[in-house]
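model.cif, holding mmCIF, C-alpha atoms and all ligand atoms:
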```
data_protein
loop_
_atom_site.label_atom_id
_atom_site.label_comp_id
_atom_site.auth_asym_id
_atom_site.auth_seq_id
_atom_site.Cartn_x
_atom_site.Cartn_y
_atom_site.Cartn_z
CA MET A 1 39.28 -27.83 46.56
CA ASN A 2 38.16 -25.10 44.11
CA ILE A 3 38.93 -26.36 40.61
CA ALA A 4 38.35 -24.55 37.30
CA PHE A 5 37.97 -26.88 34.29
CA ILE A 6 38.26 -25.29 30.85
CA GLY A 7 37.39 -27.37 27.77
CA LEU A 8 34.50 -29.74 28.50
CA GLY A 9 34.45 -31.84 25.31
CA ASN A 10 34.56 -35.62 24.86
CA MET A 11 37.43 -35.97 27.35
CA GLY A 12 37.08 -32.89 29.58
CA ALA A 13 33.41 -33.43 30.49
CA PRO A 14 33.80 -36.89 32.05
CA MET A 15 37.08 -35.88 33.74
CA ALA A 16 35.41 -32.83 35.33
CA ALA A 17 32.41 -34.93 36.35
CA ASN A 18 34.71 -37.39 38.15
CA LEU A 19 36.36 -34.54 40.11
CA ALA A 20 32.94 -33.19 41.12
CA ARG A 21 31.79 -36.68 42.12
CA ALA A 22 34.86 -36.97 44.36
CA GLY A 23 33.64 -33.90 46.28
CA HIS A 24 35.60 -31.05 44.67
CA ASN A 25 33.99 -27.74 43.85
CA VAL A 26 34.34 -27.68 40.06
CA ILE A 27 33.59 -24.57 38.00
CA GLY A 28 33.65 -25.17 34.25
CA PHE A 29 33.94 -23.14 31.11
CA ASP A 30 33.65 -24.15 27.46
CA GLN A 31 33.13 -21.91 24.47
CA ALA A 32 30.31 -24.25 23.42
CA ASP A 33 27.08 -24.48 25.40
CA VAL A 34 27.63 -27.62 27.50
CA ALA A 35 26.30 -29.01 30.78
CA VAL A 36 28.24 -31.45 32.95
CA GLU A 37 26.82 -33.26 35.96
CA GLY A 38 27.95 -31.66 39.22
CA VAL A 39 29.86 -28.83 37.49
CA LYS A 40 28.78 -25.17 37.82
CA MET A 41 29.35 -23.20 34.62
CA ALA A 42 31.10 -19.80 34.52
CA ALA A 43 30.62 -17.07 31.90
CA SER A 44 34.31 -17.11 30.85
CA GLY A 45 37.60 -18.89 31.46
CA THR A 46 38.78 -15.91 33.49
CA ALA A 47 35.69 -16.01 35.72
CA ALA A 48 36.17 -19.75 36.30
CA ALA A 49 39.88 -19.33 37.16
CA THR A 50 39.65 -16.35 39.55
CA ASP A 51 39.06 -18.25 42.82
CA ALA A 52 40.53 -21.57 41.73
CA GLU A 53 43.42 -23.32 43.49
CA VAL A 54 43.80 -25.49 40.39
CA VAL A 55 42.95 -24.69 36.76
CA ILE A 56 42.72 -27.68 34.39
CA THR A 57 42.59 -27.26 30.62
CA MET A 58 41.52 -29.96 28.11
CA LEU A 59 41.61 -28.22 24.72
CA PRO A 60 42.01 -29.22 21.05
CA ASN A 61 45.51 -27.88 20.29
CA GLY A 62 48.50 -25.73 21.25
CA GLN A 63 47.27 -22.55 19.60
CA ILE A 64 44.01 -22.64 21.58
CA LEU A 65 45.91 -23.55 24.76
CA ARG A 66 48.18 -20.48 24.32
CA ALA A 67 45.14 -18.21 23.78
CA VAL A 68 43.35 -19.59 26.85
CA ALA A 69 46.55 -19.37 28.96
CA ASN A 70 46.97 -15.68 27.98
CA GLU A 71 43.50 -15.06 29.38
CA VAL A 72 43.47 -17.16 32.54
CA ILE A 73 47.05 -16.92 33.88
CA PRO A 74 46.69 -13.22 34.86
CA ALA A 75 43.42 -14.09 36.66
CA MET A 76 44.93 -16.91 38.76
CA HIS A 77 46.17 -16.20 42.27
CA ASN A 78 49.74 -16.71 43.43
CA GLY A 79 50.64 -20.34 44.18
CA ALA A 80 47.74 -21.78 42.16
CA VAL A 81 48.45 -24.70 39.80
CA LEU A 82 47.76 -24.83 36.07
CA ILE A 83 47.38 -28.40 34.74
CA ASP A 84 47.10 -28.79 30.98
CA CYS A 85 45.82 -32.24 29.98
CA SER A 86 45.46 -31.50 26.23
CA THR A 87 47.79 -33.09 23.68
CA VAL A 88 49.82 -30.18 22.28
CA ASP A 89 53.26 -29.48 20.82
CA VAL A 90 56.20 -29.41 23.22
CA ASP A 91 56.96 -25.75 22.41
CA SER A 92 53.46 -24.60 23.41
CA ALA A 93 53.72 -26.63 26.63
CA ARG A 94 57.07 -25.00 27.52
CA THR A 95 55.88 -21.49 26.61
CA VAL A 96 52.80 -21.80 28.81
CA ALA A 97 54.90 -23.26 31.66
CA GLN A 98 57.29 -20.27 31.48
CA GLN A 99 54.40 -17.84 31.41
CA ALA A 100 52.89 -19.53 34.49
CA ALA A 101 56.24 -19.44 36.33
CA ASN A 102 56.63 -15.72 35.54
CA ALA A 103 53.22 -15.14 37.13
CA GLY A 104 54.20 -17.03 40.34
CA LEU A 105 52.15 -20.11 39.46
CA LEU A 106 52.97 -23.82 39.40
CA SER A 107 52.21 -25.74 36.21
CA VAL A 108 52.17 -29.27 34.83
CA ASP A 109 51.75 -30.51 31.26
CA ALA A 110 49.83 -33.74 31.75
CA PRO A 111 48.48 -35.28 28.55
CA VAL A 112 46.57 -38.53 28.91
CA SER A 113 46.21 -41.95 27.39
CA GLY A 114 43.09 -44.09 27.69
CA GLY A 115 40.52 -42.35 25.49
CA ILE A 116 36.95 -41.45 26.33
CA GLY A 117 36.37 -44.83 27.99
CA GLY A 118 39.27 -44.19 30.36
CA ALA A 119 38.09 -40.61 31.00
CA ALA A 120 34.61 -41.83 31.97
CA ALA A 121 35.89 -44.72 34.10
CA GLY A 122 38.60 -42.63 35.80
CA THR A 123 41.31 -44.98 34.53
CA LEU A 124 43.45 -42.59 32.43
CA THR A 125 47.24 -42.66 32.43
CA PHE A 126 48.80 -39.22 32.96
CA MET A 127 52.29 -38.40 31.69
CA ALA A 128 53.45 -35.28 33.47
CA GLY A 129 56.10 -32.61 32.99
CA GLY A 130 56.88 -29.93 35.58
CA SER A 131 58.56 -29.37 38.96
CA GLU A 132 58.32 -31.85 41.86
CA ALA A 133 56.21 -29.31 43.76
CA ALA A 134 53.77 -28.90 40.87
CA PHE A 135 53.49 -32.66 40.35
CA ALA A 136 52.89 -33.24 44.08
CA LYS A 137 49.97 -30.78 44.03
CA ALA A 138 48.45 -32.32 40.89
CA ALA A 139 48.92 -35.99 41.88
CA PRO A 140 45.79 -36.36 44.08
CA LEU A 141 43.67 -35.12 41.16
CA PHE A 142 45.41 -37.52 38.74
CA ASN A 143 44.45 -40.29 41.19
CA ILE A 144 40.78 -39.38 40.85
CA MET A 145 40.78 -39.02 37.04
CA GLY A 146 43.19 -41.86 36.34
CA GLN A 147 44.88 -45.02 37.56
CA LYS A 148 48.49 -44.06 36.86
CA ALA A 149 50.56 -40.88 36.68
CA VAL A 150 54.21 -40.87 35.62
CA HIS A 151 56.33 -37.79 36.39
CA CYS A 152 58.40 -37.72 33.20
CA GLY A 153 60.61 -34.69 33.92
CA GLU A 154 60.56 -30.91 33.59
CA ALA A 155 58.06 -28.82 31.61
CA GLY A 156 57.27 -30.36 28.21
CA ALA A 157 58.36 -33.88 29.23
CA GLY A 158 54.75 -35.09 29.48
CA GLN A 159 54.01 -33.95 25.94
CA ALA A 160 57.27 -35.50 24.72
CA ALA A 161 56.23 -38.88 26.19
CA LYS A 162 52.73 -38.63 24.70
CA ILE A 163 54.02 -37.76 21.23
CA CYS A 164 56.53 -40.66 21.25
CA ASN A 165 53.88 -43.11 22.50
CA ASN A 166 51.41 -42.08 19.84
CA MET A 167 54.01 -42.23 17.08
CA ILE A 168 54.55 -45.90 18.04
CA LEU A 169 50.76 -46.36 18.10
CA GLY A 170 50.28 -44.93 14.58
CA VAL A 171 53.15 -46.93 13.10
CA THR A 172 52.01 -50.13 14.81
CA MET A 173 48.41 -49.75 13.69
CA ILE A 174 49.54 -49.39 10.09
CA ALA A 175 51.83 -52.43 10.39
CA THR A 176 48.99 -54.49 11.89
CA CYS A 177 46.54 -53.43 9.15
CA GLU A 178 48.89 -54.06 6.25
CA ALA A 179 49.78 -57.47 7.69
CA PHE A 180 46.06 -58.42 7.91
CA ALA A 181 45.53 -57.26 4.30
CA LEU A 182 48.54 -59.33 3.17
CA ALA A 183 47.29 -62.35 5.13
CA ASP A 184 43.90 -62.01 3.39
CA LYS A 185 45.58 -62.12 -0.01
CA LEU A 186 47.60 -65.15 1.06
CA GLY A 187 44.34 -66.90 1.94
CA LEU A 188 45.00 -66.97 5.69
CA ASP A 189 41.98 -67.01 7.99
CA ARG A 190 41.82 -63.82 10.11
CA GLN A 191 41.08 -65.63 13.35
CA LYS A 192 44.12 -67.91 12.78
CA MET A 193 46.23 -64.86 11.99
CA PHE A 194 45.11 -63.31 15.31
CA ASP A 195 45.67 -66.53 17.25
CA VAL A 196 49.25 -66.75 15.98
CA VAL A 197 50.36 -63.11 16.06
CA SER A 198 48.71 -62.19 19.38
CA THR A 199 50.84 -64.88 21.07
CA SER A 200 53.96 -64.48 18.91
CA SER A 201 56.63 -61.83 18.49
CA GLY A 202 54.37 -59.66 16.30
CA TYR A 203 52.00 -59.01 19.22
CA SER A 204 51.13 -55.43 20.12
CA TRP A 205 48.39 -53.33 21.72
CA THR A 206 46.90 -52.71 18.27
CA MET A 207 46.70 -56.46 17.58
CA ASN A 208 45.87 -57.80 21.05
CA ALA A 209 43.65 -55.09 22.55
CA TYR A 210 42.33 -53.02 19.64
CA CYS A 211 42.30 -55.45 16.74
CA PRO A 212 41.46 -53.69 13.43
CA ALA A 213 39.79 -56.86 12.01
CA PRO A 214 36.04 -57.07 12.87
CA GLY A 215 34.93 -60.12 14.84
CA VAL A 216 38.48 -60.96 15.88
CA GLY A 217 39.99 -60.35 19.34
CA PRO A 218 38.35 -58.31 22.12
CA GLU A 219 35.58 -55.89 21.12
CA SER A 220 36.97 -52.77 19.45
CA PRO A 221 35.78 -49.99 17.07
CA SER A 222 36.20 -52.40 14.11
CA ASP A 223 33.20 -54.28 15.57
CA ASN A 224 31.21 -51.03 15.50
CA GLU A 225 31.73 -50.13 11.83
CA TYR A 226 34.91 -48.25 12.73
CA ASN A 227 33.10 -45.47 14.60
CA PRO A 228 35.68 -43.84 16.91
CA GLY A 229 37.13 -44.72 19.45
CA PHE A 230 40.14 -42.71 18.54
CA ALA A 231 39.46 -40.79 15.35
CA ALA A 232 41.89 -40.99 12.42
CA GLU A 233 42.19 -37.18 12.37
CA LEU A 234 43.34 -37.17 16.03
CA MET A 235 45.94 -39.80 15.15
CA LEU A 236 47.04 -37.55 12.28
CA LYS A 237 47.27 -34.56 14.64
CA ASP A 238 49.53 -36.53 17.01
CA LEU A 239 51.70 -37.87 14.17
CA ARG A 240 52.14 -34.33 12.87
CA LEU A 241 53.21 -33.26 16.37
CA SER A 242 55.78 -36.08 16.33
CA GLN A 243 57.18 -34.86 13.02
CA GLN A 244 57.25 -31.25 14.21
CA ALA A 245 59.12 -32.39 17.34
CA ALA A 246 61.50 -34.57 15.27
CA GLU A 247 62.26 -31.62 13.03
CA SER A 248 63.04 -29.24 15.88
CA ALA A 249 65.06 -31.87 17.80
CA ASP A 250 66.84 -33.12 14.64
CA ALA A 251 65.70 -36.74 15.18
CA ASP A 252 65.47 -39.27 12.36
CA THR A 253 61.94 -40.82 12.38
CA PRO A 254 61.35 -42.38 8.95
CA MET A 255 58.55 -44.71 10.10
CA GLY A 256 56.80 -41.82 11.84
CA GLN A 257 57.14 -39.83 8.64
CA ILE A 258 55.54 -42.56 6.51
CA ALA A 259 52.75 -43.08 9.06
CA THR A 260 52.03 -39.33 8.98
CA LYS A 261 51.79 -39.37 5.17
CA LEU A 262 49.49 -42.42 5.17
CA TYR A 263 47.12 -40.95 7.77
CA GLU A 264 47.17 -37.62 5.91
CA GLN A 265 46.15 -39.38 2.69
CA PHE A 266 43.54 -41.41 4.54
CA VAL A 267 41.95 -38.46 6.37
CA GLU A 268 42.16 -35.88 3.59
CA HIS A 269 41.57 -37.94 0.42
CA GLU A 270 40.23 -41.40 1.27
CA GLY A 271 37.19 -40.78 3.49
CA GLY A 272 39.01 -41.43 6.77
CA LEU A 273 37.72 -38.26 8.48
CA GLY A 274 35.46 -39.21 11.39
CA ARG A 275 36.38 -42.89 11.23
CA ASP A 276 38.38 -44.78 13.80
CA PHE A 277 42.13 -44.91 13.18
CA SER A 278 41.88 -48.71 12.81
CA ALA A 279 39.80 -48.18 9.62
CA MET A 280 43.20 -48.32 7.91
CA LEU A 281 42.46 -52.05 7.45
CA PRO A 282 39.58 -51.65 4.92
CA ARG A 283 41.75 -49.00 3.26
CA PHE A 284 44.57 -51.53 2.72
CA GLU A 285 42.10 -54.25 1.67
CA LYS A 286 41.01 -52.12 -1.27
CA ARG A 287 44.51 -51.47 -2.49
CA SER A 288 46.92 -53.49 -4.55
CA ARG A 289 50.67 -53.07 -4.97
CA ASN A 290 50.47 -51.13 -8.21
P1 LIG B 1 36.84 -32.12 21.95
O1 LIG B 1 36.91 -31.36 20.67
O2 LIG B 1 35.69 -33.05 22.20
O3 LIG B 1 36.85 -31.06 23.20
C1 LIG B 1 37.54 -29.84 23.19
C2 LIG B 1 36.64 -28.81 23.87
O4 LIG B 1 37.34 -27.56 23.97
C3 LIG B 1 35.35 -28.52 23.08
O5 LIG B 1 34.22 -28.72 23.92
C4 LIG B 1 35.51 -27.07 22.65
O6 LIG B 1 34.28 -26.36 22.59
C5 LIG B 1 36.40 -26.53 23.76
N1 LIG B 1 37.12 -25.31 23.38
C6 LIG B 1 37.76 -25.02 22.22
N2 LIG B 1 38.29 -23.77 22.27
C7 LIG B 1 37.98 -23.28 23.50
C8 LIG B 1 38.25 -22.05 24.14
N3 LIG B 1 38.96 -21.07 23.56
N4 LIG B 1 37.77 -21.87 25.40
C9 LIG B 1 37.05 -22.84 26.02
N5 LIG B 1 36.75 -24.02 25.44
C10 LIG B 1 37.22 -24.25 24.20
O7 LIG B 1 38.23 -32.88 22.11
P2 LIG B 1 38.58 -34.10 23.09
O8 LIG B 1 38.38 -35.38 22.40
O9 LIG B 1 37.94 -33.84 24.42
O10 LIG B 1 40.17 -33.90 23.21
C11 LIG B 1 40.74 -32.88 24.01
C12 LIG B 1 42.25 -33.08 24.04
O11 LIG B 1 42.56 -34.38 24.54
C13 LIG B 1 42.91 -32.99 22.65
O12 LIG B 1 44.13 -32.31 22.79
C14 LIG B 1 43.10 -34.45 22.24
O13 LIG B 1 44.18 -34.64 21.35
C15 LIG B 1 43.39 -35.08 23.60
N6 LIG B 1 43.06 -36.52 23.70
C16 LIG B 1 41.89 -37.01 23.18
C17 LIG B 1 41.63 -38.38 23.30
C18 LIG B 1 40.35 -38.97 22.74
O14 LIG B 1 40.25 -40.21 22.67
N7 LIG B 1 39.35 -38.17 22.37
C19 LIG B 1 42.54 -39.23 23.95
C20 LIG B 1 43.70 -38.69 24.50
C21 LIG B 1 43.95 -37.33 24.36
#
```
Turn the structure described in the file into structure tokens.
Amino acid sequence: MNIAFIGLGNMGAPMAANLARAGHNVIGFDQADVAVEGVKMAASGTAAATDAEVVITMLPNGQILRAVANEVIPAMHNGAVLIDCSTVDVDSARTVAQQAANAGLLSVDAPVSGGIGGAAAGTLTFMAGGSEAAFAKAAPLFNIMGQKAVHCGEAGAGQAAKICNNMILGVTMIATCEAFALADKLGLDRQKMFDVVSTSSGYSWTMNAYCPAPGVGPESPSDNEYNPGFAAELMLKDLRLSQQAAESADADTPMGQIATKLYEQFVEHEGGLGRDFSAMLPRFEKRSRN
């Protein structure tokens, strides 16, 4: 299959490489000068998309996605499929889907979970929004790049699922970090704290699989001086998307709101930029109640 892949960054590059390795003819484009194994590079997004049956985008945000969609949709041929795997706001996802439909194209919003490790290993989870026909065409490619794909509903439903998942993730990480910092002050050993909570009702992915306390639980970014992993600024981006979505849908999300404020403070004023999102633990350690 002829596949155009636009946005070959930390996530896009290994995803495109996996498609090429599976035997697809992948033509890539990135505004930066990048090389990806098995992927031929085009001079522009439009050039990459012209002969493609599928165009995949993996871009930083909704504004960039809209700009790229404006360029490539007119270049795509009738019946081709546009798959956006970036994490963007629901409105951008729906706007691009409408634009694609108007041009006679199929489209799927398909953000991912699993991080750069999952992208490299081909074990991502895809959460997809779009028609049955569009999902059916995209599914074989999801199977190469990932281990699970859930068809969540119509256009925008994939982004809605991603935003809700990551709001839980941000809130839970903060809860896990503040509980460790409290346990420290109560004189509780961190390993004992992990042994209890990871097998009690406070267990969670952030405690059991991505523990923010170094030397405790399975290996995670806390064991690597909090180098990302999943950067705090990306967590902040997703939390902001959750609050934007809550505002436009009139949903009450007080915990999401507090988590957004804490990550904002952390990234913008407390040196959190470029650190893993679990570096909230040393942040809490340094603080006292007053
Ligand atoms: P990244 O910044 O490494 O990659 C984005 C790429 O897009 C860059 O190479 C950039 O040069 C390129 N780009 C920007 N504007 C462009 C344009 N107009 N035309 C062509 N290329 C352009 O980001 P990433 O970590 O690969 O993340 C991509 C998306 O995946 C984001 O939406 C992010 O939220 C989401 N995501 C990331 C992770 C993660 O762990 N990194 C996990 C899940 C989802």
Neighbourhood of ligand LIG 1 (chain B) at 9 Å, counting all atoms listed in the file, reported as number ranges by chain: A: 6-13, 29-34, 44-45, 57-62, 64-65, 67-68, 85-88, 111-119, 124, 162, 228-231, 234-235, 237-238
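Atom to atom, CA of Ala110 (chain A) and CA of Gly129 (chain A) stand 6.5 Å apart.
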Min atom-atom distance to Leu273 (chain A) from the set A:Ser201, A:Gln98, A:Thr50, A:Asn227, counting all atoms listed in the file, belongs to A:Asn227
Could you pull the residues within 9 Å of Met207 (chain A), counting all atoms listed in the file, minus those fewer than 3 positions along the same chain, as a compact mmCIF listing (two decimals) with C-alpha atoms, in the frame of the given file?
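Here's the written file part_24.txt:
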```txt
# COMPACT_ATOMS: atom_id res chain seq x y z
CA THR A 172 52.01 -50.13 14.81
CA MET A 173 48.41 -49.75 13.69
CA THR A 176 48.99 -54.49 11.89
CA CYS A 177 46.54 -53.43 9.15
CA PHE A 194 45.11 -63.31 15.31
CA VAL A 197 50.36 -63.11 16.06
CA SER A 198 48.71 -62.19 19.38
CA GLY A 202 54.37 -59.66 16.30
CA TYR A 203 52.00 -59.01 19.22
CA SER A 204 51.13 -55.43 20.12
CA TYR A 210 42.33 -53.02 19.64
CA CYS A 211 42.30 -55.45 16.74
CA PRO A 212 41.46 -53.69 13.43
CA ALA A 213 39.79 -56.86 12.01
CA GLY A 217 39.99 -60.35 19.34
```
For Ile27 (chain A), list every protein, DNA or RNA residue within 12 Å, evaluated using all atoms listed in the file, and leave out those in the same chain fewer than 6 positions away; present the list as a PyMOL selection string. chain A and resi 1-8+13+16-17+19-20+35-57
Export of prior selection with C-alpha atoms as a PDB file, keeping the file's coordinate frame:
```
ATOM      1  CA  MET A   1      39.280 -27.830  46.560  1.00  0.00           C
ATOM      2  CA  ASN A   2      38.160 -25.100  44.110  1.00  0.00           C
ATOM      3  CA  ILE A   3      38.930 -26.360  40.610  1.00  0.00           C
ATOM      4  CA  ALA A   4      38.350 -24.550  37.300  1.00  0.00           C
ATOM      5  CA  PHE A   5      37.970 -26.880  34.290  1.00  0.00           C
ATOM      6  CA  ILE A   6      38.260 -25.290  30.850  1.00  0.00           C
ATOM      7  CA  GLY A   7      37.390 -27.370  27.770  1.00  0.00           C
ATOM      8  CA  LEU A   8      34.500 -29.740  28.500  1.00  0.00           C
ATOM      9  CA  ALA A  13      33.410 -33.430  30.490  1.00  0.00           C
ATOM     10  CA  ALA A  16      35.410 -32.830  35.330  1.00  0.00           C
ATOM     11  CA  ALA A  17      32.410 -34.930  36.350  1.00  0.00           C
ATOM     12  CA  LEU A  19      36.360 -34.540  40.110  1.00  0.00           C
ATOM     13  CA  ALA A  20      32.940 -33.190  41.120  1.00  0.00           C
ATOM     14  CA  ALA A  35      26.300 -29.010  30.780  1.00  0.00           C
ATOM     15  CA  VAL A  36      28.240 -31.450  32.950  1.00  0.00           C
ATOM     16  CA  GLU A  37      26.820 -33.260  35.960  1.00  0.00           C
ATOM     17  CA  GLY A  38      27.950 -31.660  39.220  1.00  0.00           C
ATOM     18  CA  VAL A  39      29.860 -28.830  37.490  1.00  0.00           C
ATOM     19  CA  LYS A  40      28.780 -25.170  37.820  1.00  0.00           C
ATOM     20  CA  MET A  41      29.350 -23.200  34.620  1.00  0.00           C
ATOM     21  CA  ALA A  42      31.100 -19.800  34.520  1.00  0.00           C
ATOM     22  CA  ALA A  43      30.620 -17.070  31.900  1.00  0.00           C
ATOM     23  CA  SER A  44      34.310 -17.110  30.850  1.00  0.00           C
ATOM     24  CA  GLY A  45      37.600 -18.890  31.460  1.00  0.00           C
ATOM     25  CA  THR A  46      38.780 -15.910  33.490  1.00  0.00           C
ATOM     26  CA  ALA A  47      35.690 -16.010  35.720  1.00  0.00           C
ATOM     27  CA  ALA A  48      36.170 -19.750  36.300  1.00  0.00           C
ATOM     28  CA  ALA A  49      39.880 -19.330  37.160  1.00  0.00           C
ATOM     29  CA  THR A  50      39.650 -16.350  39.550  1.00  0.00           C
ATOM     30  CA  ASP A  51      39.060 -18.250  42.820  1.00  0.00           C
ATOM     31  CA  ALA A  52      40.530 -21.570  41.730  1.00  0.00           C
ATOM     32  CA  GLU A  53      43.420 -23.320  43.490  1.00  0.00           C
ATOM     33  CA  VAL A  54      43.800 -25.490  40.390  1.00  0.00           C
ATOM     34  CA  VAL A  55      42.950 -24.690  36.760  1.00  0.00           C
ATOM     35  CA  ILE A  56      42.720 -27.680  34.390  1.00  0.00           C
ATOM     36  CA  THR A  57      42.590 -27.260  30.620  1.00  0.00           C
TER      37      THR A  57
END
```
I'd like the neighbourhood of Ala120 (chain A) as a list of chain:residue names, where a residue qualifies if any of its atoms comes within 8 Å (using all atoms listed in the file), though same-chain residues fewer than 5 positions away should be ignored. A:Met11, A:Pro14, A:Met15, A:Asn18
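Atom pair CA of Ile163 (chain A) / CA of Asp89 (chain A) has a distance of 8.3 Å (rounded to one decimal).
For Ile73 (chain A), the set of protein, DNA and RNA residues having any atom at most 9 Å away, when counting all atoms listed in the file and skipping those fewer than 3 positions along the same chain, is Thr46, Ala49, Val68, Ala69, Asn70, Met76, His77, Leu82, Gln99, Ala100, Ala103 and Leu105 of chain A.
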Tell me which protein, DNA and RNA residues are within 10 Å of Val150 (chain A), counting all atoms listed in the file, leaving out same-chain ones fewer than 3 positions away, and put them as a compact mmCIF listing (two decimals) with C-alpha atoms, in the frame of the given file.
```txt
# COMPACT_ATOMS: atom_id res chain seq x y z
CA ALA A 110 49.83 -33.74 31.75
CA THR A 125 47.24 -42.66 32.43
CA PHE A 126 48.80 -39.22 32.96
CA MET A 127 52.29 -38.40 31.69
CA ALA A 128 53.45 -35.28 33.47
CA GLY A 129 56.10 -32.61 32.99
CA PHE A 135 53.49 -32.66 40.35
CA ALA A 139 48.92 -35.99 41.88
CA PHE A 142 45.41 -37.52 38.74
CA GLY A 153 60.61 -34.69 33.92
CA GLY A 158 54.75 -35.09 29.48
CA ALA A 161 56.23 -38.88 26.19
```
Students should find that CA of Arg94 (chain A) and CA of Gly156 (chain A) are spaced 5.4 Å
